[in-house]
Every structure is written in C-alpha cells, then in structure tokens.
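One structure below.
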Amino acid sequence: MRSRSNWWSRANVRSTTILWITDEVQTGLGRTGDHFWGRQAHAEAGPPDLLTFDKGIGNGMSIGGVVARAAVMNCLDTNFTYTFGGSPVTMAAGLANLMDFLEHDIQGNARRVGGLLIERLRAVAAGLPVVREVTIGGAP
C-alpha cells in the first residue's frame with residue numbers, strides 16, 4: 001500500500017538492512033494503469049532492491065520474473081529464481097502478451113476505467129455515512 005508518511009524515503013530504506021521488495025504478481029503489468037504499481041507508488045525512494053512479477057505477463061501461462069540489483073542477484077543461486085525455467089512456449093506467450101499490451105494501450109484503458117470507477121464509487125460513498133473514504137492505488 002502507499003505510505004502516507006516518508007518511511008519509504010531512500011534514506012530510511014537504506015538505513016536498515018532490510019531489502020525493499022516490491023511484489024508485483026497481482027498488480028504489475030498494467031493492472032493499475034502503470035507498469036509496476038509498487039515501483040510507481042514509491043518512486044521517490046528510488047528503485048526497489050528486488051521486484052517480482054508473474055500472472056500479468058503470462059495471461060494464464062506459467063511465466064514470471066525477478067528483477068533485482070546485481071548485489072542481490074549475485075547472492076542467489078540461479079536455481080532459486082525460477083519455477084518453470086522459461087520454456088520457449090511460455091516465453092513466446094509472454095512476448096505476445098507484452099506486444100498486445102502495447103498495441104491496444106491496455107495500461108491507458110486501465111487508467112481511464114479506473115478513473116471512472118473511483119469517481120462513481122466516491123459519488124455513491126458520499127451518501128453513505130458508514131464510508132469514511134474511497135481510495136485507489138493505495139491513496140486518496
């Protein structure tokens with residue numbers, strides 16, 4: 001979720017020994033209107049140490065990925081970073097899906113539809129005293 005404080009600032013993140021990992025399995029590749037939601041939401045902190053993505057790139061095929069700083073990846077055994085090993089069929093499916101995202105502006109559509117959705121949800125919520133706020137992308 002998007003932090004409402006400056007905890008995610010580069011100085012705070014780097015002052016710990018904790019790795020900043022953004023898990024984009026559910027939210028990545030256009031589902032929120034951005035390539036990688038966690039990355040976009042916390043851009044002021046700089047790039048994460050490690051980013052994972054999965055479902056969105058394969059559109060049903062068993063494909064995923066891990067992107068990380070070299071210092072992090074160099075600590076991992078190569079057998080640790082994958083489940084299915086990148087078969088030619090799943091790689092072709094992933095590439096075709098990425099091309100479709102670009103050709104049909106899937107991310108732009110997600111932004112447009114998301115904007116309409118939040119507008120309508122807020123209008124409905126305005127008349128409901130039990131709803132304090134409606135947020136999108138983790139923030140108001």
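Chain labels follow the order of the structure tokens: the first chain is A, the next B, and so on; residue numbering restarts at 1 in every chain, and ligands are counted from 1 in their shown order.
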
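Around range 52-61 of chain A, within 10 Å and counting only C-alpha atoms, the residues found are Ile21, Thr22, Asp23, Glu24, Val25, Gln26, Thr27, Gly28, Leu29, Gly30, Arg31, Phe36, Val66, Val67, Ala68, Thr81, Val89, Thr90, Met91, Ala92, Ala93, Gly94, Leu95, Ala96, Asn97, Leu98 and Phe101 of chain A, once anything fewer than 5 positions away on its own chain is removed.
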
Coordinates-based distance that separates CA of His35 in chain A from CA of Gln107 in chain A (Å, one decimal): 7.6 Å

Pick from A:Cys75, A:Pro88, A:Ile136, A:Ser15, whichever lies nearest to Gly114 in chain A using only C-alpha atoms: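 Comparing A:Cys75, A:Pro88, A:Ile136, A:Ser15 against Gly114 in chain A, the winner is A:Ile136.
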
Range 116-118 of chain A surroundings by only C-alpha atoms, 12 Å radius, close-in-sequence under 2 positions cut, as a ChimeraX atom specification: /A:109-114,120-126,133-137,139-140

Kindly save the residues from that selection, with N, CA and C atoms included, as a compact mmCIF listing (two decimals), in the first residue's frame.
```txt
# COMPACT_ATOMS: atom_id res chain seq x y z
N ASN A 109 -6.13 2.13 -20.94
CA ASN A 109 -7.51 1.74 -20.65
C ASN A 109 -7.71 1.53 -19.15
N ALA A 110 -6.75 0.90 -18.49
CA ALA A 110 -6.86 0.69 -17.04
C ALA A 110 -6.92 2.03 -16.31
N ARG A 111 -6.13 3.01 -16.76
CA ARG A 111 -6.18 4.34 -16.14
C ARG A 111 -7.54 5.00 -16.36
N ARG A 112 -8.05 4.92 -17.60
CA ARG A 112 -9.34 5.55 -17.91
C ARG A 112 -10.48 4.91 -17.13
N VAL A 113 -10.56 3.58 -17.17
CA VAL A 113 -11.64 2.87 -16.47
C VAL A 113 -11.49 3.05 -14.96
N GLY A 114 -10.27 3.01 -14.46
CA GLY A 114 -10.04 3.23 -13.03
C GLY A 114 -10.49 4.60 -12.59
N ARG A 120 -17.18 7.26 -9.65
CA ARG A 120 -18.52 6.75 -9.33
C ARG A 120 -18.60 6.17 -7.92
N LEU A 121 -17.55 5.48 -7.50
CA LEU A 121 -17.54 4.95 -6.13
C LEU A 121 -17.58 6.08 -5.10
N ARG A 122 -16.84 7.14 -5.35
CA ARG A 122 -16.85 8.27 -4.42
C ARG A 122 -18.21 8.95 -4.38
N ALA A 123 -18.87 9.04 -5.53
CA ALA A 123 -20.21 9.63 -5.58
C ALA A 123 -21.20 8.81 -4.75
N VAL A 124 -21.14 7.50 -4.88
CA VAL A 124 -22.02 6.62 -4.09
C VAL A 124 -21.67 6.72 -2.61
N ALA A 125 -20.38 6.69 -2.31
CA ALA A 125 -19.93 6.72 -0.91
C ALA A 125 -20.28 8.03 -0.21
N ALA A 126 -20.38 9.11 -0.96
CA ALA A 126 -20.70 10.41 -0.36
C ALA A 126 -22.05 10.37 0.36
N GLU A 133 -13.83 7.01 3.46
CA GLU A 133 -13.17 7.46 2.24
C GLU A 133 -13.06 6.30 1.27
N VAL A 134 -12.92 6.64 0.01
CA VAL A 134 -12.69 5.65 -1.04
C VAL A 134 -11.37 6.02 -1.67
N THR A 135 -10.45 5.07 -1.72
CA THR A 135 -9.13 5.33 -2.29
C THR A 135 -8.89 4.42 -3.47
N ILE A 136 -7.90 4.79 -4.25
CA ILE A 136 -7.49 3.98 -5.38
C ILE A 136 -5.96 3.97 -5.40
N GLY A 137 -5.38 2.86 -5.73
CA GLY A 137 -3.92 2.78 -5.77
C GLY A 137 -3.28 2.99 -4.41
N ALA A 139 -4.00 5.23 -2.07
CA ALA A 139 -4.02 6.58 -1.51
C ALA A 139 -5.27 7.31 -1.97
N PRO A 140 -5.66 8.39 -1.27
CA PRO A 140 -6.86 9.14 -1.68
C PRO A 140 -6.70 9.77 -3.05
```

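Minimum atom-to-atom distances from A:Ile63, A:Thr17, A:Gly46, A:Glu119 to Gly86 in chain A were compared using only C-alpha atoms, and the lowest value belongs to A:Ile63.
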